[in-house]
>>> print(open('work_5.tsv').read())   # TSV, C-alpha atoms
chain	number	residue	atom	x	y	z
A	116	MET	CA	4.47	-33.72	33.78
A	117	PRO	CA	3.68	-36.30	31.04
A	118	HIS	CA	4.35	-39.81	32.32
A	119	PRO	CA	2.30	-42.93	33.00
A	120	PRO	CA	0.81	-42.59	36.51
A	121	GLY	CA	3.14	-43.89	39.19
A	122	THR	CA	6.14	-44.77	37.00
A	123	LEU	CA	9.63	-43.38	37.61
A	124	ILE	CA	13.22	-44.21	36.59
A	125	ILE	CA	15.96	-43.91	39.21
A	126	ALA	CA	19.63	-43.97	38.15
A	127	ALA	CA	22.61	-43.43	40.45
A	128	ALA	CA	25.80	-45.13	41.57
A	129	SER	CA	23.56	-46.81	44.17
A	130	ALA	CA	19.78	-46.61	43.71
A	131	ARG	CA	18.57	-48.55	46.76
A	132	SER	CA	17.81	-45.72	49.21
A	133	LEU	CA	16.00	-43.58	46.62
A	134	ALA	CA	14.08	-46.62	45.41
A	135	ALA	CA	12.91	-47.20	48.99
A	136	SER	CA	11.77	-43.57	49.23
A	137	ALA	CA	9.98	-43.81	45.88
A	138	ASP	CA	8.28	-46.98	47.05
A	139	ASP	CA	7.14	-45.23	50.24
A	140	ALA	CA	5.60	-42.53	48.03
A	141	GLY	CA	3.73	-45.13	45.97
A	142	TRP	CA	5.68	-45.01	42.71
A	143	ARG	CA	6.42	-47.94	40.43
A	144	ILE	CA	10.17	-47.90	39.98
A	145	LEU	CA	12.60	-48.72	37.18
A	146	CYS	CA	16.23	-48.72	38.36
A	147	ALA	CA	19.79	-48.83	37.09
A	148	ASP	CA	22.94	-48.61	39.21
A	149	PHE	CA	26.43	-50.07	39.68
A	150	PHE	CA	25.58	-52.76	42.22
A	151	GLY	CA	22.24	-54.49	41.70
A	152	ASP	CA	22.12	-55.21	45.42
A	153	GLN	CA	19.89	-58.01	46.66
A	154	ASP	CA	17.65	-55.79	48.79
A	155	LEU	CA	17.04	-53.47	45.83
A	156	LEU	CA	16.06	-56.40	43.62
A	157	GLU	CA	13.78	-57.77	46.35
A	158	LEU	CA	12.07	-54.39	46.73
A	159	LEU	CA	11.51	-54.14	42.97
A	160	ASP	CA	10.15	-57.69	42.85
A	161	ARG	CA	7.67	-57.01	45.69
A	162	ARG	CA	6.44	-53.78	44.08
A	163	ARG	CA	6.30	-54.82	40.42
A	164	GLY	CA	9.33	-52.70	39.68
A	165	THR	CA	12.02	-53.43	37.13
A	166	TYR	CA	15.80	-53.54	37.35
A	167	LEU	CA	16.91	-52.17	34.00
A	168	GLY	CA	20.45	-53.42	34.38
A	169	ARG	CA	23.76	-53.07	36.16
A	170	LEU	CA	26.01	-50.26	34.96
A	171	ASP	CA	29.73	-50.73	34.41
A	172	THR	CA	29.94	-47.01	33.67
A	173	PHE	CA	27.36	-44.26	33.47
A	174	THR	CA	27.86	-44.19	29.71
A	175	ASP	CA	25.86	-47.46	29.66
A	176	LEU	CA	22.76	-45.60	30.85
A	177	PRO	CA	21.38	-44.32	27.50
A	178	GLY	CA	21.39	-47.88	26.14
A	179	LEU	CA	19.39	-49.15	29.12
A	180	LEU	CA	16.92	-46.28	28.81
A	181	ALA	CA	16.34	-46.91	25.10
A	182	LYS	CA	13.80	-49.64	25.91
A	183	VAL	CA	11.81	-47.39	28.30
A	184	PRO	CA	9.03	-45.11	26.97
A	185	ALA	CA	10.43	-41.61	26.52
A	186	ASN	CA	7.71	-39.92	28.61
A	187	ILE	CA	8.77	-41.68	31.83
A	188	PRO	CA	10.93	-39.22	33.83
A	189	LEU	CA	14.42	-39.92	35.13
A	190	LEU	CA	15.40	-39.03	38.69
A	191	TRP	CA	19.19	-39.08	38.72
A	192	ALA	CA	21.46	-38.97	41.76
A	193	GLY	CA	24.90	-39.83	43.14
A	194	GLY	CA	27.74	-39.68	40.61
A	195	LEU	CA	25.79	-38.52	37.57
A	196	GLU	CA	26.53	-34.87	38.37
A	197	ASN	CA	29.92	-35.61	36.80
A	198	TYR	CA	28.30	-36.62	33.48
A	199	LEU	CA	26.48	-33.47	32.44
A	200	GLU	CA	26.93	-34.06	28.70
A	201	LEU	CA	25.33	-37.49	29.09
A	202	LEU	CA	22.46	-36.01	31.11
A	203	SER	CA	22.00	-33.31	28.47
A	204	GLN	CA	21.79	-36.02	25.83
A	205	ILE	CA	19.12	-37.88	27.83
A	206	ALA	CA	17.20	-34.64	28.50
A	207	ARG	CA	16.66	-34.15	24.75
A	208	THR	CA	14.30	-37.14	24.70
A	209	ARG	CA	13.14	-37.64	28.31
A	210	PRO	CA	12.04	-35.47	31.28
A	211	LEU	CA	14.78	-35.07	33.90
A	212	LEU	CA	13.99	-34.43	37.57
A	213	GLY	CA	16.39	-32.35	39.61
A	214	LEU	CA	18.19	-29.04	39.42
A	215	PRO	CA	18.67	-27.51	35.94
A	216	LEU	CA	21.89	-28.80	34.44
A	217	ASP	CA	23.39	-25.33	34.01
A	218	VAL	CA	22.90	-24.77	37.75
A	219	VAL	CA	24.49	-28.16	38.46
A	220	ALA	CA	27.54	-27.12	36.41
A	221	THR	CA	27.82	-23.81	38.26
A	222	LEU	CA	27.54	-25.27	41.75
A	223	ARG	CA	30.03	-28.05	40.95
A	224	ASP	CA	32.67	-25.50	39.92
A	225	PRO	CA	34.61	-24.54	43.08
A	226	ALA	CA	35.80	-21.22	41.63
A	227	LYS	CA	32.25	-20.19	40.67
A	228	LEU	CA	30.86	-21.41	43.99
A	229	SER	CA	33.47	-19.39	45.88
A	230	SER	CA	32.54	-16.30	43.88
A	231	LEU	CA	28.80	-16.82	44.41
A	232	LEU	CA	29.28	-17.32	48.14
A	233	SER	CA	31.37	-14.15	48.39
A	234	ALA	CA	28.67	-12.19	46.55
A	235	ALA	CA	26.00	-13.62	48.87
A	236	GLY	CA	27.48	-11.48	51.64
A	237	CYS	CA	27.02	-13.83	54.60
A	238	PRO	CA	30.20	-13.57	56.72
A	239	GLN	CA	29.18	-16.42	59.04
A	240	VAL	CA	29.25	-18.86	56.07
A	241	ARG	CA	32.52	-18.94	54.13
A	242	PHE	CA	34.32	-20.92	51.47
A	243	PRO	CA	37.77	-22.13	52.57
A	244	GLN	CA	40.79	-20.46	51.03
A	245	SER	CA	41.31	-22.21	47.71
A	246	ILE	CA	43.88	-22.21	44.94
A	247	PHE	CA	42.43	-22.77	41.46
A	248	ALA	CA	45.67	-22.63	39.47
A	249	GLY	CA	49.19	-23.65	40.42
A	250	LEU	CA	50.54	-24.91	43.71
A	251	PRO	CA	49.51	-23.37	47.05
A	252	PRO	CA	51.94	-21.82	49.52
A	253	ALA	CA	53.19	-23.67	52.57
A	254	GLY	CA	50.50	-24.87	54.94
A	255	ARG	CA	47.80	-27.54	55.23
A	256	TRP	CA	46.12	-28.18	51.88
A	257	LEU	CA	43.90	-30.78	50.27
A	258	TRP	CA	43.71	-31.57	46.57
A	259	LYS	CA	40.01	-31.94	45.66
A	260	PRO	CA	39.11	-33.16	42.17
A	261	THR	CA	35.95	-31.61	40.77
A	262	THR	CA	34.72	-34.62	38.79
A	263	THR	CA	34.35	-37.08	41.66
A	264	SER	CA	32.01	-37.90	44.53
A	265	GLY	CA	32.14	-39.44	47.99
A	266	GLY	CA	35.66	-38.17	48.67
A	267	LEU	CA	37.24	-40.29	45.93
A	268	GLY	CA	40.54	-38.76	44.86
A	269	VAL	CA	40.82	-36.25	47.71
A	270	GLN	CA	44.45	-36.14	48.87
A	271	ARG	CA	46.44	-34.29	51.49
A	272	LEU	CA	49.25	-32.23	49.98
A	273	THR	CA	52.54	-33.28	51.55
A	274	GLU	CA	56.08	-32.17	50.78
A	275	ASP	CA	56.68	-35.46	48.98
A	276	SER	CA	53.53	-35.16	46.87
A	277	ARG	CA	54.32	-31.51	46.15
A	278	GLN	CA	57.56	-32.64	44.56
A	279	ARG	CA	55.85	-35.35	42.52
A	280	LEU	CA	53.09	-33.19	41.05
A	281	THR	CA	53.36	-32.74	37.32
A	282	ALA	CA	51.97	-30.08	35.03
A	283	ALA	CA	49.43	-32.62	33.72
A	284	GLN	CA	48.14	-33.30	37.24
A	285	LEU	CA	47.73	-29.59	37.89
A	286	THR	CA	45.48	-29.24	34.85
A	287	THR	CA	43.03	-31.88	36.16
A	288	PRO	CA	39.73	-30.18	37.10
A	289	GLY	CA	39.83	-29.37	40.79
A	290	CYS	CA	41.43	-27.11	43.34
A	291	PHE	CA	43.64	-27.01	46.39
A	292	GLN	CA	41.56	-26.22	49.46
A	293	GLN	CA	42.89	-25.20	52.84
A	294	GLU	CA	42.55	-28.04	55.35
A	295	LEU	CA	40.61	-26.89	58.40
A	296	ASP	CA	39.59	-28.39	61.73
A	297	GLY	CA	35.95	-28.60	62.72
A	298	LEU	CA	32.84	-30.78	62.90
A	299	PRO	CA	32.00	-32.39	59.50
A	300	CYS	CA	28.30	-32.17	58.68
A	301	SER	CA	25.96	-32.72	55.76
A	302	ALA	CA	22.83	-30.71	55.00
A	303	VAL	CA	19.87	-31.34	52.71
A	304	VAL	CA	18.33	-28.30	51.01
A	305	ALA	CA	15.02	-28.06	49.14
A	306	CYS	CA	14.49	-25.40	46.45
A	307	ASP	CA	10.98	-24.80	45.11
A	308	GLY	CA	11.72	-22.08	42.54
A	309	GLN	CA	10.91	-19.25	44.94
A	310	ALA	CA	12.83	-20.03	48.10
A	311	ALA	CA	15.21	-22.55	49.63
A	312	LYS	CA	14.79	-24.35	52.94
A	313	LEU	CA	17.20	-26.30	55.09
A	314	VAL	CA	15.51	-29.70	55.43
A	315	GLY	CA	18.00	-30.91	58.03
A	316	MET	CA	21.60	-31.46	59.05
A	317	SER	CA	23.52	-34.57	60.07
A	318	LEU	CA	26.99	-35.57	61.18
A	319	GLN	CA	29.11	-36.82	58.32
A	320	PHE	CA	31.52	-39.76	58.66
A	321	CYS	CA	34.62	-39.94	56.46
A	322	GLY	CA	37.68	-42.14	56.47
A	323	TRP	CA	36.88	-44.37	59.44
A	324	PRO	CA	39.60	-47.05	59.57
A	325	GLU	CA	37.18	-49.28	61.55
A	326	LEU	CA	34.99	-49.32	58.42
A	327	GLN	CA	38.02	-49.91	56.18
A	328	ALA	CA	37.33	-46.57	54.51
A	329	GLU	CA	40.30	-44.80	52.99
A	330	GLU	CA	41.05	-41.32	54.29
A	331	PHE	CA	38.40	-38.80	53.12
A	332	ARG	CA	36.06	-41.52	51.76
A	333	PHE	CA	32.44	-40.98	52.73
A	334	CYS	CA	31.21	-43.71	55.09
A	335	GLY	CA	27.94	-42.52	56.58
A	336	ASN	CA	25.76	-40.00	58.41
A	337	LEU	CA	23.99	-39.63	61.74
A	338	GLY	CA	21.08	-37.28	62.41
A	339	PRO	CA	19.03	-35.23	62.37
A	340	LEU	CA	21.00	-32.74	64.44
A	341	LYS	CA	19.40	-29.94	66.38
A	342	ILE	CA	20.46	-26.85	64.45
A	343	PRO	CA	21.24	-23.81	66.64
A	344	PRO	CA	18.96	-20.91	65.63
A	345	ARG	CA	21.90	-18.63	64.83
A	346	LEU	CA	23.40	-21.19	62.46
A	347	ALA	CA	20.05	-21.96	60.83
A	348	THR	CA	19.48	-18.25	60.22
A	349	ALA	CA	22.95	-17.80	58.70
A	350	LEU	CA	22.61	-20.83	56.43
A	351	ASN	CA	19.12	-19.90	55.25
A	352	SER	CA	20.23	-16.33	54.53
A	353	MET	CA	23.20	-17.62	52.55
A	354	LEU	CA	21.05	-20.08	50.61
A	355	GLN	CA	18.49	-17.46	49.55
A	356	ALA	CA	21.24	-15.15	48.30
A	357	LEU	CA	23.20	-17.93	46.61
A	358	LEU	CA	20.24	-19.42	44.78
A	359	ARG	CA	18.89	-16.03	43.68
A	360	GLN	CA	22.13	-15.73	41.73
A	361	CYS	CA	21.32	-19.08	40.08
A	362	GLY	CA	17.84	-18.06	38.94
A	363	GLN	CA	15.83	-19.62	41.79
A	364	PRO	CA	16.03	-23.26	40.59
A	365	ARG	CA	13.83	-26.17	41.64
A	366	GLY	CA	15.32	-29.32	43.11
A	367	ILE	CA	17.24	-30.82	46.02
A	368	LEU	CA	20.90	-30.35	46.83
A	369	GLY	CA	23.34	-31.38	49.53
A	370	MET	CA	25.96	-29.29	51.28
A	371	ASP	CA	29.16	-30.52	52.92
A	372	LEU	CA	29.97	-28.25	55.86
A	373	LEU	CA	32.63	-27.89	58.53
A	374	LEU	CA	31.42	-26.23	61.72
A	375	THR	CA	33.67	-24.29	64.07
A	376	SER	CA	32.77	-22.15	67.06
A	377	ASP	CA	32.19	-19.01	65.00
A	378	ILE	CA	32.28	-19.94	61.27
A	379	CYS	CA	30.38	-22.41	59.10
A	380	TRP	CA	32.68	-23.44	56.26
A	381	LEU	CA	30.91	-24.51	53.06
A	382	LEU	CA	33.26	-27.13	51.61
A	383	GLU	CA	31.21	-28.06	48.54
A	384	ILE	CA	27.72	-28.42	47.15
A	385	ASN	CA	26.40	-31.69	45.74
A	386	PRO	CA	23.68	-30.45	43.34
A	387	ARG	CA	21.47	-33.54	43.57
A	388	ILE	CA	19.75	-35.62	46.24
A	389	PRO	CA	22.51	-36.56	48.72
A	390	ALA	CA	22.92	-39.88	50.54
A	391	SER	CA	21.67	-38.36	53.81
A	392	HIS	CA	18.15	-37.89	52.36
A	393	TRP	CA	17.23	-41.15	54.15
A	394	ILE	CA	17.41	-39.44	57.52
A	395	TYR	CA	14.51	-37.12	56.64
A	396	ASP	CA	12.46	-39.38	54.33
A	397	VAL	CA	10.02	-40.24	57.10
A	398	PRO	CA	6.37	-40.98	56.22
A	399	GLY	CA	4.19	-38.03	57.20
A	400	HIS	CA	7.15	-35.61	57.23
A	401	TRP	CA	9.06	-35.46	53.98
A	402	ASN	CA	9.80	-37.50	50.90
A	403	SER	CA	12.62	-36.45	48.59
A	404	VAL	CA	11.16	-38.29	45.59
A	405	SER	CA	7.74	-36.67	46.01
A	406	PHE	CA	9.41	-33.26	46.29
A	407	SER	CA	11.40	-33.91	43.12
A	408	LEU	CA	8.16	-34.57	41.24
A	409	GLN	CA	6.21	-31.67	42.76
A	410	PRO	CA	8.37	-29.17	44.68
A	411	ASN	CA	6.58	-28.11	47.86
A	412	ILE	CA	8.75	-27.01	50.72
A	413	ALA	CA	6.21	-27.72	53.49
A	414	LEU	CA	7.64	-30.04	56.15
A	415	ASP	CA	4.99	-31.69	58.29
A	416	LYS	CA	6.98	-32.30	61.49
A	417	SER	CA	9.78	-30.60	63.37
A	418	LEU	CA	13.20	-32.24	63.34
A	419	SER	CA	12.88	-32.94	67.06
A	420	SER	CA	9.96	-35.30	66.38
A	421	LEU	CA	11.87	-37.42	63.84
A	422	PRO	CA	13.56	-40.72	64.72
A	423	LYS	CA	17.33	-40.61	65.04
A	424	ARG	CA	18.97	-42.50	62.18
A	425	ALA	CA	22.51	-43.50	61.27
A	426	GLN	CA	24.10	-45.17	58.27
A	427	LEU	CA	27.53	-46.80	58.31
A	428	ILE	CA	29.10	-47.87	55.01
A	429	ILE	CA	31.52	-50.79	55.20
A	430	TRP	CA	34.34	-50.73	52.65
A	431	SER	CA	36.63	-53.52	51.51
A	432	ASP	CA	40.36	-52.93	51.76
A	433	GLU	CA	41.10	-55.97	49.60
A	434	ARG	CA	39.15	-58.11	47.14
A	435	LEU	CA	36.74	-60.41	48.95
A	436	ARG	CA	33.81	-62.69	48.29
A	437	VAL	CA	30.71	-61.83	50.30
A	438	PRO	CA	29.49	-64.62	52.63
A	439	GLU	CA	25.93	-65.32	53.70
A	440	PHE	CA	24.72	-62.38	55.75
A	441	PRO	CA	23.47	-62.98	59.29
A	442	SER	CA	19.72	-63.09	59.68
A	443	GLU	CA	17.83	-59.95	60.62
A	444	GLN	CA	16.80	-61.69	63.87
A	445	LEU	CA	20.43	-61.83	64.98
A	446	LEU	CA	21.02	-58.15	64.21
A	447	ARG	CA	17.76	-56.71	65.53
A	448	PRO	CA	18.77	-56.81	69.25
A	449	ALA	CA	21.70	-54.56	68.36
A	450	GLY	CA	19.35	-52.19	66.53
A	451	LEU	CA	21.00	-52.95	63.18
A	452	ARG	CA	19.61	-53.45	59.70
A	453	ILE	CA	21.73	-54.41	56.70
A	454	ALA	CA	21.15	-52.42	53.52
A	455	ASP	CA	22.83	-52.26	50.11
A	456	ARG	CA	23.26	-56.00	50.55
A	457	PRO	CA	25.06	-57.88	47.78
A	458	ALA	CA	24.08	-61.47	47.07
A	459	ALA	CA	26.14	-64.12	48.84
A	460	GLY	CA	29.12	-65.05	46.71
A	461	THR	CA	29.45	-61.61	45.11
A	462	ALA	CA	33.07	-60.62	44.48
A	463	VAL	CA	33.74	-57.13	45.86
A	464	PRO	CA	36.82	-55.35	44.47
A	465	ALA	CA	39.28	-53.72	46.84
A	466	GLY	CA	38.34	-50.15	47.65
A	467	SER	CA	34.61	-50.75	47.06
A	468	PRO	CA	31.63	-50.58	49.44
A	469	VAL	CA	30.47	-53.93	50.81
A	470	CYS	CA	27.15	-52.93	52.40
A	471	SER	CA	25.56	-50.42	54.77
A	472	LEU	CA	24.39	-50.80	58.34
A	473	LEU	CA	21.33	-48.76	59.29
A	474	VAL	CA	20.21	-47.99	62.82
A	475	GLU	CA	17.12	-46.13	63.98
A	476	GLN	CA	16.03	-45.06	67.44
A	477	PRO	CA	12.97	-43.13	68.64
A	478	ALA	CA	13.02	-39.35	68.59
A	479	ASP	CA	13.19	-39.18	72.38
A	480	GLY	CA	16.33	-41.33	72.41
A	481	GLY	CA	18.51	-38.31	71.77
A	482	ILE	CA	21.43	-37.88	69.41
A	483	GLY	CA	23.84	-38.79	72.22
A	484	GLN	CA	22.23	-42.20	72.68
A	485	ILE	CA	22.42	-43.14	69.01
A	486	SER	CA	25.94	-41.70	68.76
A	487	SER	CA	27.01	-43.93	71.65
A	488	ALA	CA	25.39	-46.93	69.96
A	489	VAL	CA	27.07	-46.18	66.63
A	490	SER	CA	30.48	-45.86	68.28
A	491	ARG	CA	30.19	-49.45	69.55
A	492	PHE	CA	29.42	-50.97	66.15
A	493	PRO	CA	32.79	-50.80	64.33
A	494	ALA	CA	34.64	-53.06	66.77
A	495	SER	CA	32.30	-55.95	66.02
A	496	LEU	CA	31.14	-55.18	62.47
A	497	PHE	CA	33.11	-57.86	60.70
A	498	GLU	CA	32.42	-60.47	63.35
A	499	ALA	CA	28.69	-59.73	63.12
A	500	LEU	CA	28.71	-59.89	59.35
A	501	GLY	CA	30.98	-62.90	59.05
A	502	ILE	CA	33.38	-61.04	56.77
A	503	ARG	CA	37.05	-61.82	57.21
A	504	PRO	CA	39.87	-60.11	55.30
A	505	ALA	CA	41.29	-63.60	54.68
A	506	GLU	CA	38.19	-64.47	52.64
A	507	VAL	CA	39.72	-63.17	49.43
A	508	ALA	CA	37.84	-63.88	46.22
A	509	ASN	CA	39.51	-66.24	43.81
>>> encode(input="work_5.tsv", output="structure tokens")
Amino acid sequence: MPHPPGTLIIAAASARSLAASADDAGWRILCADFFGDQDLLELLDRRRGTYLGRLDTFTDLPGLLAKVPANIPLLWAGGLENYLELLSQIARTRPLLGLPLDVVATLRDPAKLSSLLSAAGCPQVRFPQSIFAGLPPAGRWLWKPTTTSGGLGVQRLTEDSRQRLTAAQLTTPGCFQQELDGLPCSAVVACDGQAAKLVGMSLQFCGWPELQAEEFRFCGNLGPLKIPPRLATALNSMLQALLRQCGQPRGILGMDLLLTSDICWLLEINPRIPASHWIYDVPGHWNSVSFSLQPNIALDKSLSSLPKRAQLIIWSDERLRVPEFPSEQLLRPAGLRIADRPAAGTAVPAGSPVCSLLVEQPADGGIGQISSAVSRFPASLFEALGIRPAEVAN
């Protein structure tokens, strides 16, 4: 691929975790995202990287890229899957890393995904009952917009909301999906153009009130999980059949799953590197950025040998101004590390992420140990961080 050795652009809603993975792989990084978090800027400064600029909207991206040589590739991630025309525009003058855009469009379409999954013929992996036009019958249903990410806009259909729905709302891209009970999980999948492999699976956190996350909003992962052989076989069989129908693409994708005792429900596919990549981006095992540049499915360690990692995303339920963060020395005894850290004094709008808390424990600690540790964090998160709801930005 023609690009200056070691130079890569990363653009996403939040670029910090991918920038860290690119740094681990030895790349010089140019970044653009919505936040310009302090730890991202510090990483770029240490590694001679460049922050191209803070985005107000993804439509700002072509202007920021105009000053970058056209042979430097762009690795795009979270949120940009909803801007395929913009990505197509960029692809006319610059190499793009990731799944082909026509495959992205197919996998983002719930009706097409449902059809592909049905044709894959794997009864243990199913798409929930979905209504793609009109209102659903009585029962438990969720409205899921297509052009969104992180659970933004997902709503439970109630009798009141059923009465308020208008014809215009029903023509918004999306579908009604049957609401099911089960264990929410995320999976990372690598596709090398010949086969697909399940890199790993993690628990997925959504809508934790302790993290001030609205219902259905993504607020973290914990993993890697030990995948039962029967489930791994079913998922791998489904993936091979599904991706054969898409022309055996190259790239990384994420799957949102709901596990029950006998069925794995595929809720949606995120056709780009998902947030949970961090769990598996362990030196000597796997690096999602390196794979994106040169797809090679080989994984150097078993999941059981990886450290157990968790990410918790703290959201703001009202506008606040971020205080000074506590020092790493104060957090280390609790096994915590702050990431996606805005500069002190930053005004955070209501309904926006404030920062992430990362925790890592040795592989022999067990998923139960880290799960127990994570469950204790929310009660003291705001005390530890010094954030008070009363500290509203002027």
>>> residues_around(input="work_5.tsv", residues="Arg162 (chain A)", least_positions_apart="5", cutoff="9 Å", atoms="only C-alpha atoms", output="number ranges by chain")
A: 138, 142-144, 157
>>> closest_residue(input="work_5.tsv", among="A:Trp191, A:Phe242, A:Phe173, A:Phe406", to="Met370 (chain A)", atoms="all atoms listed in the file")
A:Phe242
>>> atom_distance(input="work_5.tsv", atom1="CA of Glu475 (chain A)", atom2="CA of Asn336 (chain A)")
12.0 Å
>>> closest_residue(input="work_5.tsv", among="A:Gln204, A:Asp160, A:Leu195, A:Gly289", to="Pro177 (chain A)", atoms="all atoms listed in the file")
A:Gln204
>>> residues_around(input="work_5.tsv", residues="region 268-271 of chain A", least_positions_apart="5", cutoff="10 Å", atoms="all atoms listed in the file", output="list in words")
Arg255, Trp256, Leu257, Trp258, Lys259, Pro260, Thr261, Thr262, Thr263, Ser276, Arg277, Gly289, Phe291, Gln292, Gln293, Glu294, Glu330, Phe331 and Arg332 of chain A
>>> residues_around(input="work_5.tsv", residues="Ala454 (chain A)", least_positions_apart="6", cutoff="9 Å", atoms="all atoms listed in the file", output="JSON, numbers by chain")
{"A": [131, 132, 152, 153, 154, 155, 470, 471, 472, 473]}
>>> closest_residue(input="work_5.tsv", among="A:Ala130, A:Ser317, A:Ala135, A:Ala181", to="Arg161 (chain A)", atoms="all atoms listed in the file")
A:Ala135
>>> residues_near_point(input="work_5.tsv", point="(11.0, -39.0, 31.7)", cutoff="7 Å", atoms="only C-alpha atoms", output="VMD selection string")
chain A and resid 118 185 to 189 209 to 211
>>> closest_residue(input="work_5.tsv", among="A:Thr273, A:Asn385, A:Gln426, A:Thr221", to="Pro252 (chain A)", atoms="all atoms listed in the file")
A:Thr273
>>> atom_distance(input="work_5.tsv", atom1="CA of Gln476 (chain A)", atom2="CA of His392 (chain A)")
16.8 Å
>>> closest_residue(input="work_5.tsv", among="A:Val437, A:Leu190, A:Cys334, A:Ala347", to="Ile367 (chain A)", atoms="all atoms listed in the file")
A:Leu190
>>> atom_distance(input="work_5.tsv", atom1="CA of Leu158 (chain A)", atom2="CA of Ala126 (chain A)")
15.5 Å
>>> residues_around(input="work_5.tsv", residues="region 349-356 of chain A", least_positions_apart="4", cutoff="9 Å", atoms="all atoms listed in the file", output="mmCIF file with C-alpha atoms, keeping the file's coordinate frame")
data_model
loop_
_atom_site.group_PDB
_atom_site.id
_atom_site.type_symbol
_atom_site.label_atom_id
_atom_site.label_comp_id
_atom_site.auth_asym_id
_atom_site.auth_seq_id
_atom_site.Cartn_x
_atom_site.Cartn_y
_atom_site.Cartn_z
ATOM 1 C CA LEU A 231 28.800 -16.820 44.410
ATOM 2 C CA LEU A 232 29.280 -17.320 48.140
ATOM 3 C CA ALA A 234 28.670 -12.190 46.550
ATOM 4 C CA ALA A 235 26.000 -13.620 48.870
ATOM 5 C CA GLY A 236 27.480 -11.480 51.640
ATOM 6 C CA CYS A 237 27.020 -13.830 54.600
ATOM 7 C CA PRO A 238 30.200 -13.570 56.720
ATOM 8 C CA GLN A 239 29.180 -16.420 59.040
ATOM 9 C CA VAL A 240 29.250 -18.860 56.070
ATOM 10 C CA VAL A 304 18.330 -28.300 51.010
ATOM 11 C CA ALA A 310 12.830 -20.030 48.100
ATOM 12 C CA ALA A 311 15.210 -22.550 49.630
ATOM 13 C CA LYS A 312 14.790 -24.350 52.940
ATOM 14 C CA LEU A 313 17.200 -26.300 55.090
ATOM 15 C CA PRO A 344 18.960 -20.910 65.630
ATOM 16 C CA ARG A 345 21.900 -18.630 64.830
ATOM 17 C CA GLN A 360 22.130 -15.730 41.730
ATOM 18 C CA GLN A 363 15.830 -19.620 41.790
ATOM 19 C CA CYS A 379 30.380 -22.410 59.100
#
